[in-house]
Amino acid sequence: MENELILPWNIYNIHFKVIKIINSCELYTTYEVSCKHCICSKTRTADSRAPSNLRKHLKDKHSNVKSVRELLAPSTTVSIDVKRKVNTEIHDNSDVKKIKNLNTVQMSILNCPNRKSLTSQGTVDLV
């Protein structure tokens, strides 16, 4: 028996069956799925970066199903860890803020290496 394909959000595997993987790359995967509640054979696409189109389908077409109502409850959150490759150089400077969730840095405009010159507020006010 071959391995069954599943979505990265376990809660959505209850409602959708993965037909095939359409596209797969380092950062995301695109799936072709069918809804287990629908009678028709129409398929949908799902992207591993966000389940919003699956959630919308369930909300629009199957909000009367108890397990769907529980999924759509405001307290329900679905998340997935997506590996992001970000090539950044992190400086030991107090003006550089590390944003841990995205593995990136935010730099103050004063420490921007590409800054040509600093314009004073008085010069801006004169213009």
# chains A, B, ... in the order shown; residues from 1 in each chain; ligands from 1

call {"tool": "residues_around", "arguments": {"residues": "Tyr31 in chain A", "least_positions_apart": "2", "cutoff": "6 Å", "atoms": "only C-alpha atoms", "output": "PyMOL selection string"}}
result
chain A and resi 20-22+45-46

call {"tool": "residues_around", "arguments": {"residues": "Glu4 in chain A", "least_positions_apart": "2", "cutoff": "12 Å", "atoms": "only C-alpha atoms", "output": "MDAnalysis selection string"}}
result
chainID A and resid 1:2 6:7 13 17:21

call {"tool": "write_last_selection", "arguments": {"atoms": "C-alpha atoms", "output": "PDB file, in the first residue's frame"}}
result
ATOM      1  CA  MET A   1       0.000   0.000   0.000  1.00  0.00           C
ATOM      2  CA  GLU A   2       1.452   3.366  -0.953  1.00  0.00           C
ATOM      3  CA  ILE A   6      -1.785  14.438   3.955  1.00  0.00           C
ATOM      4  CA  LEU A   7      -2.062  18.171   4.470  1.00  0.00           C
ATOM      5  CA  ASN A  13      -7.235  16.160   6.938  1.00  0.00           C
ATOM      6  CA  LYS A  17      -8.440  14.252   0.940  1.00  0.00           C
ATOM      7  CA  VAL A  18      -5.198  15.002  -0.887  1.00  0.00           C
ATOM      8  CA  ILE A  19      -5.427  13.778  -4.472  1.00  0.00           C
ATOM      9  CA  LYS A  20      -1.904  14.714  -5.523  1.00  0.00           C
ATOM     10  CA  ILE A  21       0.928  17.157  -5.040  1.00  0.00           C
TER      11      ILE A  21
END

call {"tool": "atom_distance", "arguments": {"atom1": "CA of Lys42 in chain A", "atom2": "CA of Lys61 in chain A"}}
result
13.1 Å

call {"tool": "atom_distance", "arguments": {"atom1": "CA of Leu27 in chain A", "atom2": "CA of Asp60 in chain A"}}
result
28.9 Å

call {"tool": "atom_distance", "arguments": {"atom1": "CA of Cys35 in chain A", "atom2": "CA of His62 in chain A"}}
result
10.0 Å
